[in-house]
6 protein chains.
Amino acid sequence: MATEVKIGLPKGSLQEATFDLFRRAVFHGRVSSRSYFPTINDPELQAIMFRAQEMSRYVEDGVIDMGLTGKDWICENNSDVIEVCELVYSKATAKPASWVLAVPNESDAQKAQDLGGGIIATELVNVTKKYFANKGIDVKVEFSWGATEVKARLLGGIVEITETGSSLRANNLRIIDTVMTSTTRLIANKNAWNDKNKREKIEAIALLLRGAIEGREKVGLKMNIPSDKLSDVLALLPAEKSPTISSLADKKFMALEVVMEEQAARDLVPKLKRHGASGIFTYSLNQVIP
Amino acid sequence: MATEVKIGLPKGSLQEATFDLFRRAVFHGRVSSRSYFPTINDPELQAIMFRAQEMSRYVEDGVIDMGLTGKDWICENNSDVIEVCELVYSKATAKPASWVLAVPNESDAQKAQDLGGGIIATELVNVTKKYFANKGIDVKVEFSWGATEVKARLLGGIVEITETGSSLRANNLRIIDTVMTSTTRLIANKNAWNDKNKREKIEAIALLLRGAIEGREKVGLKMNIPSDKLSDVLALLPAEKSPTISSLADKKFMALEVVMEEQAARDLVPKLKRHGASGIFTYSLNQVIP
Amino acid sequence: MATEVKIGLPKGSLQEATFDLFRRAVFHGRVSSRSYFPTINDPELQAIMFRAQEMSRYVEDGVIDMGLTGKDWICENNSDVIEVCELVYSKATAKPASWVLAVPNESDAQKAQDLGGGIIATELVNVTKKYFANKGIDVKVEFSWGATEVKARLLGGIVEITETGSSLRANNLRIIDTVMTSTTRLIANKNAWNDKNKREKIEAIALLLRGAIEGREKVGLKMNIPSDKLSDVLALLPAEKSPTISSLADKKFMALEVVMEEQAARDLVPKLKRHGASGIFTYSLNQVIP
Amino acid sequence: MATEVKIGLPKGSLQEATFDLFRRAVFHGRVSSRSYFPTINDPELQAIMFRAQEMSRYVEDGVIDMGLTGKDWICENNSDVIEVCELVYSKATAKPASWVLAVPNESDAQKAQDLGGGIIATELVNVTKKYFANKGIDVKVEFSWGATEVKARLLGGIVEITETGSSLRANNLRIIDTVMTSTTRLIANKNAWNDKNKREKIEAIALLLRGAIEGREKVGLKMNIPSDKLSDVLALLPAEKSPTISSLADKKFMALEVVMEEQAARDLVPKLKRHGASGIFTYSLNQVIP
Amino acid sequence: MATEVKIGLPKGSLQEATFDLFRRAVFHGRVSSRSYFPTINDPELQAIMFRAQEMSRYVEDGVIDMGLTGKDWICENNSDVIEVCELVYSKATAKPASWVLAVPNESDAQKAQDLGGGIIATELVNVTKKYFANKGIDVKVEFSWGATEVKARLLGGIVEITETGSSLRANNLRIIDTVMTSTTRLIANKNAWNDKNKREKIEAIALLLRGAIEGREKVGLKMNIPSDKLSDVLALLPAEKSPTISSLADKKFMALEVVMEEQAARDLVPKLKRHGASGIFTYSLNQVIP
Amino acid sequence: MATEVKIGLPKGSLQEATFDLFRRAVFHGRVSSRSYFPTINDPELQAIMFRAQEMSRYVEDGVIDMGLTGKDWICENNSDVIEVCELVYSKATAKPASWVLAVPNESDAQKAQDLGGGIIATELVNVTKKYFANKGIDVKVEFSWGATEVKARLLGGIVEITETGSSLRANNLRIIDTVMTSTTRLIANKNAWNDKNKREKIEAIALLLRGAIEGREKVGLKMNIPSDKLSDVLALLPAEKSPTISSLADKKFMALEVVMEEQAARDLVPKLKRHGASGIFTYSLNQVIP
């Protein structure tokens, strides 16, 4: 009988991006607006939506076999799980999300020590407590139900997540330290990982998802090249790329196909045209297996 | 002069999926939010939006030459039309829609006979009447304007459409029989079908739409293979697939390209990598002509 | 150090289509809902959103190096800028936008001269003034803040933009002349154009954007052909297309790949099948470099 | 034990106005977005939402004791019910809704007879059939699922509901006859009407609802008047109104309070001020019992 | 100098109702969509929005002087604050909100004891722990981030808030016990309550808010009565009501005005009319000071 | 025959508040979502929606007889119209809107003179030109199509409208001068004003609208007072208010009714209760005629 693996997908801000990733990894999923059980077209895979904040707890408990969540919440929950791989959804910003210690612009505080004896509001209570304890600073850390930036003014300091810091600046807050940085991880339950069949399935999913991430950043580029210009054109390509060169019926031309980073393709295309390539076109990829 | 064919497209829940299908079949259409006449970039094709419920009547009357609608409404309207082909939009659920006879959970009824002498509310009046008549059960069948599940409680029984039954269960209803199952059909008017030019156009559209449906379920898969591993890799492929194998400039490698089901690709990719394939990538298809 | 080029993108009705175009041209951009500074993943390119109406002024002043706007607003602002190329976003309608002189259906006016002595409401004040001056007609031209069609009734005549005329007809207005037609242009500041590095960047962007427009209208078409049917199949292809023909491992077949207009592919596919082609499929392209 | 009366409220376009009416009639109701059973703060009243189209059928069958629906649907369903009273929700337009026979502007038809032998699409099938039968005109009347104006062009004629005709004109349709006019009615089941307790409750509800309608069109108007100007001011009031005149502690002034039509108050206020009234103010009413 | 009192208002589901209450209590407030600091037109009052869950903590800490929150969250936070008064926003449902222990319909559990040894998910962790501890039942209580009903299935039991139980039933859950009931409270900080000026302001606000709640449930009722029928009519009024009876200029009539419960007015109006009252009308009140 | 007056109402941000004002002034209006011609239930009044920016031009030209617009746009258009009265919609903020000269926080500019030689972007071109001309400062003033705050950074300075300055601060802009302040005005065409009938109608509308504005800020306050406490209670009332005191059937009490500012009522109510008033309640007013 087939192995069935239960996977937890993050509800909320990452939800849309996660479904896009699964589509590229050829797991077409459908989630009706109020359901917590998306349908995925793989009979061996059953998906459940959870908030990223609680995912690692359910993986640890074995309620699910594997899940997608942030490093931050794995630490916050202090969960004993296998980290199968990192999954950097977006290279656009290149920067991972950070939990930062922030104070109002008008505050005198310049470093964590200056907040000693005060109250810190955050959603990431345990990580924040450990951060202050490691520095030997005595503060009271309180869980905050949203609107954390308002509390920065009321209490003196907050620990809040940010990608670019722009939302903090818009609230006239100033970052004085970084508590932790975090990226998305694929995690697995320990027992599932020790089950040969489940582990094979988990690794296959990891491979396909990593391929989907690669696929998003790359394009396929095709062109015809006069046979006598081939070496010129090959010299333009990034050294580490091995293009597929096919012989054509018309021996005066060769067909060249190469998969490369979008940004590199952008710079290359005008040069290829100047060096005699014709019939140049680009197309999108789903996955590029690493 | 060019033949002009009038096609009816279903307004409502299938609308979005239908336009996506036409886009893949390279008939780019545009429908402004309030218009019933979408623009399609084929001068030989004029489109009109109708509710699926009434489509077959307009095809039968010759108001339009062809249309997309459900088998259920063709039966309900008892329309005398040509069924050109079935078009299964989505293999995700695999199950066709069903019209089921349902009663409240708390009802004593266990089979259709137990409703004899009562009232049945449904949108599919004629099919339902025939269903009960065939069983020799005497019921009054009434047309229902929505909120049918409320009426199940007031009246005792309903005949309602469902894909998975989940909406019925959420309303505490219980299915006691299936009245009919239904899938989408491409239908044509009899006179249009007997007109040589129109029929050729209708068949071309059917071919392209079926290709678009195939295209949605499949991906292109490409890789390079060491020449001496070719037979190993070919053995991994589904028997019925004939891959395109190109010779490369570098004779130590062959390029292999194959079009296959997404789900099969998903299982195959990890194996290919283990057998020495490199540069593996997948890409989306618009149409795969059957 | 790298050249940095500032580009103005049109805010409003063209915004969505512009971002789609940039995506195809492999400049992935992200614009947060309230920002005027979209992030584009090219370190040499900084984007700013402006209304199309004012774009050419900011290009002329050198606030930005290049921008996308309509011919109409270049004329209205009488801006002294370089027109790098035309960018026809959509071949769907094929018709460029027109600014037309329109009157209520019930008006007696049949030509521009019949409006002499009256008031004309328009957003395109200067072009409209010049149009009437060239004809020697004395009218008062007033700037209109929207709802121009209401003013046609109150004042007698308007000059309004239209693509198909349908919105005018729906308001019971009648077109009596065309004041100007307009398409989108890529424009550059004169100093930027004379700077060798900036010009090279501007031309590269123009090439990639034109490729993206081409890519939107075309598809890749692939098939296998029995070697002895090759000349038959080639005869079906449009004369100006040069397909890529690859030899296959199995010498009884050739692989043929060709990039062509979507609409031509639609007509061609049924014929190809009848002439023995197999494994026919189509896929989408991002760019086709002209 | 208390009598319990079941009342049907119309779902859809009248829903908002109906709840407003009940609020004024001091039956505060709450309907959650997906529920069909609004909560009304009267233990003797249980409300159910139905489409206006089917209301009279459920009243006739005794599923509910009373309901609000249009005269049109009572006729269409040919329901044997008590019409307790008319409830004209809105005097703003003053005109009742009409079901009209309409044809495309470009049609040659000028009267019902010109459509003989054709097809008529309508939601009001039985009334329409009777209309044509009474005139001895032979037409086929078909039920239409929305988009009726599109069908006017396809078939030749429709019977459609309209308040002002503006939507028909916007679709370039022309009214050639009125099939019936219709206003909202409060209807009751015959058995409920013959039950003394239920009838008393139904009549009390009718009185309160009619009071709520009156209350919406009227305002309370208060002022102080110098005692010697009283007769002058009284002469300004509509003859049929009997104001409440109170003596004040300060005998030089009288207090006058009158309930009147909003529009009459609008004209009266400036005159009252000119005739020496002071401290004039107006306030809203919930109900004015007729 | 004027006293300034800081008041915390609940963000989220009670927000709209709270602002309506303040409007009736003649504190017109404005909150822009993204602000946490609503503007209230009383220079002595500064408002801040908080989630109900955390309000009592901020009142206890003295960050704010007073606040509106539920009894449930006062208990959960174990906050040492003054409960100034209860504020029952809505008498419509009459039932306070309850936190209930619920299990899946299909569970065997019939009482709290049956869940011993299991896991309970809830947002109200401390109250729930105390509830089980008091009963001597050993369970693990875990904080739940929403979607609690899904967890009922995964874990076995939840403690969730409900007003009518309908949302639980819709999820096929069954209530087996009530953990606590809760209504809204106006709470104050202890130091603020001991400050004479602040306490006077807090009590004035409490009086006005209670008046606003009273005002929402009552209507003003006015009528004219023939002087000789006065005692008959007075006998119809609830005993505890003291109507205002004014003498009119026309001595044959008296004016009677009384403030009463909406529901009582509803029953009274038809009787008044039968007993000779004329010119009966009702109007809304803002506040009725208790 | 009745006089018909054409009135222009401002489309856009003031639209909702304007319709609310007309409702209080007992001109119930209805505007369908796409119409520019709202229906108002006064046969002597025909309404048209215009942008506030162009209103005064159409009043001056006589296209409409009267209109509501801002003082700013009357000046910008330099329109020769009658200003009938000021209409301060909202006393909540108390401050009129201002057009201010603003620069980026980081700019060195401290006063208008520091911007000499630069470019100023604004929607209020003519007023801004006059402002700089009066100060003898040479700047180029350009019309800005929105996003003016972005242009402050690009160009150096803007003239922008603001109520509280908060949106400017949020964009990190600093106000260095006020160019003009502006409130809403009711304006009339000169010829209409000289027409006796039209002027009477315009003045009546002005009276009713001003009454509606007064009505919004005030409440009615009613109570019963022991006859021997009357003078005590009267002493609590603002000196300029003349309450209506009615004798009651029960001579031991007097009824007192007074119309006053909401904020004054708020402070008064607790004192009244302490001085023996009973049956205190407040209610809303539509209009208080000044």
# chains A, B, ... in the order shown; residues from 1 in each chain; ligands from 1
>>> residues_around(residues="Asp20 of chain A", least_positions_apart="2", cutoff="12 Å", atoms="only C-alpha atoms", output="PyMOL selection string")
chain A and resi 14-18+22-30+89-90+209+212-213+215-216+286-287
>>> residues_around(residues="Thr181 of chain D", least_positions_apart="4", cutoff="7 Å", atoms="only C-alpha atoms", output="list in words")
Pro96, Ala97, Ser98 and Trp99 of chain D
>>> interface_residues(of="chain F", to="chain A", cutoff="10 Å", atoms="only C-alpha atoms", output="PyMOL selection string")
chain F and resi 169-172
>>> write_last_selection(atoms="N, CA, C and O atoms", output="PDB file, in the first residue's frame")
ATOM      1  N   ARG F 169       3.266  64.791   7.146  1.00  0.00           N
ATOM      2  CA  ARG F 169       4.276  64.295   8.082  1.00  0.00           C
ATOM      3  C   ARG F 169       4.618  62.840   7.800  1.00  0.00           C
ATOM      4  O   ARG F 169       5.772  62.439   7.845  1.00  0.00           O
ATOM      5  N   ALA F 170       3.571  62.055   7.474  1.00  0.00           N
ATOM      6  CA  ALA F 170       3.797  60.641   7.189  1.00  0.00           C
ATOM      7  C   ALA F 170       4.696  60.468   5.971  1.00  0.00           C
ATOM      8  O   ALA F 170       5.360  59.454   5.806  1.00  0.00           O
ATOM      9  N   ASN F 171       4.690  61.447   5.074  1.00  0.00           N
ATOM     10  CA  ASN F 171       5.563  61.408   3.906  1.00  0.00           C
ATOM     11  C   ASN F 171       6.874  62.150   4.165  1.00  0.00           C
ATOM     12  O   ASN F 171       7.588  62.457   3.218  1.00  0.00           O
ATOM     13  N   ASN F 172       7.137  62.477   5.436  1.00  0.00           N
ATOM     14  CA  ASN F 172       8.369  63.170   5.799  1.00  0.00           C
ATOM     15  C   ASN F 172       8.523  64.497   5.082  1.00  0.00           C
ATOM     16  O   ASN F 172       9.591  64.865   4.623  1.00  0.00           O
TER      17      ASN F 172
END
>>> atom_distance(atom1="atom CA of Thr69 of chain A", atom2="atom CA of Asn189 of chain A")
13.1 Å
>>> select_by_dssp(residues="segment 55-282 of chain F", states="helix (DSSP H, G or I)", output="compact mmCIF listing (two decimals) with N, CA and C atoms, in the first residue's frame")
# COMPACT_ATOMS: atom_id res chain seq x y z
N MET F 55 -16.54 73.40 -10.54
CA MET F 55 -17.87 73.87 -10.21
C MET F 55 -18.08 75.35 -10.52
N SER F 56 -17.16 76.20 -10.04
CA SER F 56 -17.40 77.64 -10.15
C SER F 56 -17.42 78.10 -11.61
N ARG F 57 -16.69 77.41 -12.48
CA ARG F 57 -16.74 77.77 -13.91
C ARG F 57 -18.13 77.56 -14.47
N TYR F 58 -18.74 76.41 -14.09
CA TYR F 58 -20.06 76.12 -14.64
C TYR F 58 -21.12 77.02 -14.02
N VAL F 59 -20.93 77.46 -12.77
CA VAL F 59 -21.86 78.43 -12.18
C VAL F 59 -21.70 79.77 -12.90
N GLU F 60 -20.46 80.17 -13.12
CA GLU F 60 -20.22 81.46 -13.79
C GLU F 60 -20.84 81.47 -15.19
N ASP F 61 -20.63 80.38 -15.93
CA ASP F 61 -21.17 80.28 -17.31
C ASP F 61 -22.69 80.17 -17.34
N LYS F 71 -13.66 77.51 -1.49
CA LYS F 71 -13.14 78.85 -1.76
C LYS F 71 -11.88 78.75 -2.62
N ASP F 72 -11.07 77.69 -2.40
CA ASP F 72 -9.82 77.53 -3.15
C ASP F 72 -10.04 77.48 -4.65
N TRP F 73 -11.05 76.69 -5.08
CA TRP F 73 -11.27 76.53 -6.51
C TRP F 73 -11.99 77.72 -7.12
N ILE F 74 -12.74 78.47 -6.30
CA ILE F 74 -13.32 79.73 -6.81
C ILE F 74 -12.18 80.68 -7.16
N CYS F 75 -11.19 80.76 -6.27
CA CYS F 75 -10.03 81.62 -6.53
C CYS F 75 -9.22 81.10 -7.72
N GLU F 76 -8.95 79.78 -7.76
CA GLU F 76 -8.13 79.21 -8.82
C GLU F 76 -8.73 79.51 -10.19
N ASN F 77 -10.05 79.40 -10.28
CA ASN F 77 -10.72 79.65 -11.56
C ASN F 77 -11.01 81.13 -11.76
N ALA F 112 9.60 80.47 1.75
CA ALA F 112 9.29 80.46 0.32
C ALA F 112 10.47 80.96 -0.52
N GLN F 113 11.14 82.01 -0.03
CA GLN F 113 12.24 82.62 -0.80
C GLN F 113 13.35 81.59 -1.12
N ASP F 114 13.52 80.59 -0.25
CA ASP F 114 14.60 79.62 -0.46
C ASP F 114 14.33 78.70 -1.65
N LEU F 115 13.12 78.77 -2.21
CA LEU F 115 12.78 77.91 -3.35
C LEU F 115 12.92 78.64 -4.68
N VAL F 125 -2.62 75.72 -9.62
CA VAL F 125 -1.54 76.44 -10.31
C VAL F 125 -1.68 77.96 -10.20
N ASN F 126 -2.85 78.49 -10.48
CA ASN F 126 -2.98 79.95 -10.55
C ASN F 126 -2.81 80.62 -9.18
N VAL F 127 -3.44 80.05 -8.16
CA VAL F 127 -3.29 80.62 -6.83
C VAL F 127 -1.83 80.59 -6.40
N THR F 128 -1.17 79.49 -6.73
CA THR F 128 0.24 79.35 -6.35
C THR F 128 1.11 80.36 -7.08
N LYS F 129 0.84 80.55 -8.38
CA LYS F 129 1.61 81.55 -9.14
C LYS F 129 1.45 82.93 -8.53
N LYS F 130 0.20 83.28 -8.16
CA LYS F 130 -0.06 84.60 -7.58
C LYS F 130 0.66 84.74 -6.24
N TYR F 131 0.64 83.66 -5.45
CA TYR F 131 1.31 83.68 -4.14
C TYR F 131 2.80 84.02 -4.29
N PHE F 132 3.46 83.36 -5.25
CA PHE F 132 4.89 83.62 -5.42
C PHE F 132 5.14 84.99 -6.06
N ALA F 133 4.26 85.36 -6.99
CA ALA F 133 4.41 86.66 -7.65
C ALA F 133 4.30 87.78 -6.61
N ASN F 134 3.34 87.65 -5.69
CA ASN F 134 3.16 88.68 -4.65
C ASN F 134 4.40 88.84 -3.78
N THR F 148 1.66 64.15 -5.45
CA THR F 148 2.42 65.38 -5.30
C THR F 148 3.55 65.22 -4.29
N GLU F 149 3.32 64.38 -3.26
CA GLU F 149 4.35 64.25 -2.23
C GLU F 149 5.62 63.61 -2.77
N VAL F 150 5.48 62.73 -3.80
CA VAL F 150 6.66 62.15 -4.41
C VAL F 150 7.46 63.25 -5.10
N LYS F 151 6.72 64.16 -5.73
CA LYS F 151 7.38 65.23 -6.48
C LYS F 151 8.08 66.22 -5.58
N ALA F 152 7.61 66.35 -4.32
CA ALA F 152 8.33 67.23 -3.40
C ALA F 152 9.78 66.83 -3.33
N ARG F 153 10.02 65.53 -3.33
CA ARG F 153 11.41 65.04 -3.26
C ARG F 153 12.14 65.26 -4.57
N LEU F 154 11.47 65.02 -5.68
CA LEU F 154 12.12 65.13 -6.99
C LEU F 154 12.41 66.57 -7.35
N LEU F 155 11.48 67.48 -7.01
CA LEU F 155 11.57 68.84 -7.52
C LEU F 155 12.02 69.84 -6.46
N SER F 166 -1.15 65.55 8.86
CA SER F 166 -0.62 64.23 9.22
C SER F 166 -0.15 63.45 8.00
N SER F 167 -0.84 63.63 6.86
CA SER F 167 -0.41 62.90 5.67
C SER F 167 0.93 63.45 5.17
N LEU F 168 1.14 64.75 5.32
CA LEU F 168 2.43 65.32 4.93
C LEU F 168 3.53 64.78 5.84
N ARG F 169 3.27 64.79 7.15
CA ARG F 169 4.28 64.29 8.08
C ARG F 169 4.62 62.84 7.80
N ALA F 170 3.57 62.05 7.47
CA ALA F 170 3.80 60.64 7.19
C ALA F 170 4.70 60.47 5.97
N LYS F 190 -24.74 84.96 -11.22
CA LYS F 190 -25.22 86.34 -11.04
C LYS F 190 -26.63 86.56 -11.61
N ASN F 191 -26.88 85.99 -12.76
CA ASN F 191 -28.22 86.18 -13.34
C ASN F 191 -29.30 85.48 -12.51
N ALA F 192 -28.98 84.29 -12.02
CA ALA F 192 -29.94 83.58 -11.19
C ALA F 192 -30.23 84.39 -9.93
N TRP F 193 -29.22 84.99 -9.39
CA TRP F 193 -29.35 85.78 -8.15
C TRP F 193 -30.24 87.02 -8.38
N ASN F 194 -30.21 87.54 -9.57
CA ASN F 194 -31.02 88.72 -9.90
C ASN F 194 -32.45 88.36 -10.29
N LYS F 196 -35.87 87.13 -9.21
CA LYS F 196 -36.49 87.13 -7.88
C LYS F 196 -36.88 85.71 -7.42
N ASN F 197 -37.47 84.93 -8.32
CA ASN F 197 -37.92 83.59 -7.93
C ASN F 197 -36.76 82.67 -7.62
N LYS F 198 -35.78 82.71 -8.49
CA LYS F 198 -34.63 81.82 -8.27
C LYS F 198 -33.91 82.19 -6.98
N ARG F 199 -33.78 83.53 -6.74
CA ARG F 199 -33.07 83.95 -5.54
C ARG F 199 -33.80 83.48 -4.28
N GLU F 200 -35.13 83.54 -4.29
CA GLU F 200 -35.89 83.09 -3.14
C GLU F 200 -35.63 81.59 -2.89
N LYS F 201 -35.61 80.84 -3.97
CA LYS F 201 -35.34 79.40 -3.82
C LYS F 201 -33.92 79.16 -3.31
N ILE F 202 -32.98 79.88 -3.87
CA ILE F 202 -31.58 79.70 -3.43
C ILE F 202 -31.43 80.03 -1.95
N GLU F 203 -32.10 81.12 -1.52
CA GLU F 203 -31.99 81.50 -0.11
C GLU F 203 -32.68 80.48 0.80
N ALA F 204 -33.80 79.92 0.34
CA ALA F 204 -34.46 78.88 1.14
C ALA F 204 -33.56 77.66 1.29
N ILE F 205 -32.91 77.26 0.20
CA ILE F 205 -31.98 76.12 0.28
C ILE F 205 -30.83 76.43 1.24
N ALA F 206 -30.32 77.64 1.16
CA ALA F 206 -29.22 78.02 2.05
C ALA F 206 -29.67 77.93 3.51
N LEU F 207 -30.88 78.43 3.80
CA LEU F 207 -31.39 78.39 5.18
C LEU F 207 -31.50 76.94 5.67
N LEU F 208 -32.04 76.08 4.83
CA LEU F 208 -32.25 74.69 5.24
C LEU F 208 -30.91 73.96 5.41
N LEU F 209 -29.95 74.24 4.54
CA LEU F 209 -28.64 73.58 4.66
C LEU F 209 -27.92 74.06 5.92
N ARG F 210 -28.01 75.36 6.19
CA ARG F 210 -27.36 75.87 7.41
C ARG F 210 -28.05 75.26 8.63
N GLY F 211 -29.37 75.11 8.57
CA GLY F 211 -30.09 74.45 9.67
C GLY F 211 -29.65 73.00 9.85
N ALA F 212 -29.36 72.34 8.75
CA ALA F 212 -28.91 70.95 8.83
C ALA F 212 -27.55 70.85 9.48
N ILE F 213 -26.68 71.81 9.19
CA ILE F 213 -25.35 71.80 9.82
C ILE F 213 -25.48 72.05 11.31
N GLU F 214 -26.31 73.04 11.68
CA GLU F 214 -26.57 73.28 13.10
C GLU F 214 -27.13 72.02 13.76
N GLY F 215 -28.07 71.37 13.07
CA GLY F 215 -28.75 70.20 13.65
C GLY F 215 -27.81 69.06 13.96
N ARG F 216 -26.73 68.98 13.20
CA ARG F 216 -25.81 67.89 13.38
C ARG F 216 -25.01 68.01 14.67
N GLU F 217 -24.81 69.22 15.10
CA GLU F 217 -23.96 69.47 16.26
C GLU F 217 -24.75 69.53 17.56
N SER F 227 -41.17 71.26 40.68
CA SER F 227 -41.43 72.67 40.45
C SER F 227 -40.58 73.55 41.35
N ASP F 228 -40.27 73.10 42.53
CA ASP F 228 -39.51 73.96 43.45
C ASP F 228 -38.02 73.94 43.19
N LYS F 229 -37.59 73.10 42.22
CA LYS F 229 -36.15 73.08 41.88
C LYS F 229 -35.88 73.79 40.57
N LEU F 230 -36.95 74.36 39.98
CA LEU F 230 -36.81 74.89 38.63
C LEU F 230 -35.70 75.94 38.52
N SER F 231 -35.69 76.87 39.45
CA SER F 231 -34.70 77.96 39.32
C SER F 231 -33.28 77.40 39.48
N ASP F 232 -33.08 76.42 40.35
CA ASP F 232 -31.76 75.78 40.48
C ASP F 232 -31.30 75.20 39.15
N VAL F 233 -32.22 74.47 38.52
CA VAL F 233 -31.86 73.82 37.27
C VAL F 233 -31.61 74.84 36.17
N LEU F 234 -32.46 75.86 36.11
CA LEU F 234 -32.26 76.88 35.07
C LEU F 234 -30.89 77.53 35.21
N ALA F 235 -30.43 77.65 36.43
CA ALA F 235 -29.12 78.27 36.65
C ALA F 235 -27.98 77.44 36.06
N LEU F 236 -28.23 76.15 35.88
CA LEU F 236 -27.19 75.29 35.30
C LEU F 236 -27.07 75.45 33.79
N GLU F 262 -24.06 69.27 21.65
CA GLU F 262 -23.80 67.93 22.20
C GLU F 262 -22.79 67.96 23.34
N GLN F 263 -21.71 68.68 23.13
CA GLN F 263 -20.65 68.65 24.14
C GLN F 263 -21.10 69.29 25.44
N ALA F 264 -21.92 70.35 25.36
CA ALA F 264 -22.43 70.98 26.57
C ALA F 264 -23.39 70.02 27.29
N ALA F 265 -24.22 69.31 26.50
CA ALA F 265 -25.15 68.35 27.10
C ALA F 265 -24.39 67.28 27.89
N ARG F 266 -23.25 66.86 27.35
CA ARG F 266 -22.46 65.83 27.98
C ARG F 266 -22.01 66.23 29.38
N ASP F 267 -21.62 67.47 29.52
CA ASP F 267 -21.19 67.93 30.84
C ASP F 267 -22.38 68.20 31.76
N LEU F 268 -23.51 68.60 31.14
CA LEU F 268 -24.66 69.02 31.94
C LEU F 268 -25.41 67.84 32.56
N VAL F 269 -25.52 66.74 31.82
CA VAL F 269 -26.39 65.64 32.24
C VAL F 269 -26.07 65.13 33.66
N PRO F 270 -24.80 64.84 33.98
CA PRO F 270 -24.54 64.37 35.35
C PRO F 270 -24.95 65.40 36.40
N LYS F 271 -24.78 66.70 36.11
CA LYS F 271 -25.17 67.74 37.08
C LYS F 271 -26.69 67.79 37.24
N LEU F 272 -27.42 67.67 36.15
CA LEU F 272 -28.89 67.72 36.22
C LEU F 272 -29.40 66.61 37.13
N LYS F 273 -28.83 65.43 36.96
CA LYS F 273 -29.27 64.30 37.77
C LYS F 273 -29.02 64.58 39.26
N ARG F 274 -27.89 65.18 39.56
CA ARG F 274 -27.59 65.50 40.96
C ARG F 274 -28.54 66.57 41.51
>>> residues_around(residues="Val159 of chain C", least_positions_apart="6", cutoff="7 Å", atoms="only C-alpha atoms", output="ChimeraX atom specification")
/C:99-102,121-122
>>> write_last_selection(atoms="N, CA, C and O atoms", output="mmCIF file, in the first residue's frame")
data_model
loop_
_atom_site.group_PDB
_atom_site.id
_atom_site.type_symbol
_atom_site.label_atom_id
_atom_site.label_comp_id
_atom_site.auth_asym_id
_atom_site.auth_seq_id
_atom_site.Cartn_x
_atom_site.Cartn_y
_atom_site.Cartn_z
ATOM 1 N N TRP C 99 -8.252 60.332 -30.075
ATOM 2 C CA TRP C 99 -8.964 61.443 -29.449
ATOM 3 C C TRP C 99 -9.948 61.951 -30.483
ATOM 4 O O TRP C 99 -9.545 62.368 -31.573
ATOM 5 N N VAL C 100 -11.216 61.905 -30.184
ATOM 6 C CA VAL C 100 -12.225 62.248 -31.188
ATOM 7 C C VAL C 100 -13.082 63.418 -30.721
ATOM 8 O O VAL C 100 -13.252 63.656 -29.526
ATOM 9 N N LEU C 101 -13.590 64.153 -31.685
ATOM 10 C CA LEU C 101 -14.539 65.230 -31.422
ATOM 11 C C LEU C 101 -15.929 64.598 -31.463
ATOM 12 O O LEU C 101 -16.309 63.986 -32.459
ATOM 13 N N ALA C 102 -16.663 64.707 -30.338
ATOM 14 C CA ALA C 102 -17.956 64.028 -30.276
ATOM 15 C C ALA C 102 -19.044 64.988 -29.820
ATOM 16 O O ALA C 102 -18.786 65.940 -29.061
ATOM 17 N N ALA C 121 -15.118 70.827 -24.010
ATOM 18 C CA ALA C 121 -14.470 70.322 -22.799
ATOM 19 C C ALA C 121 -13.563 69.155 -23.159
ATOM 20 O O ALA C 121 -13.963 68.277 -23.931
ATOM 21 N N THR C 122 -12.329 69.132 -22.616
ATOM 22 C CA THR C 122 -11.393 68.061 -22.936
ATOM 23 C C THR C 122 -10.282 68.015 -21.908
ATOM 24 O O THR C 122 -10.038 68.987 -21.193
#
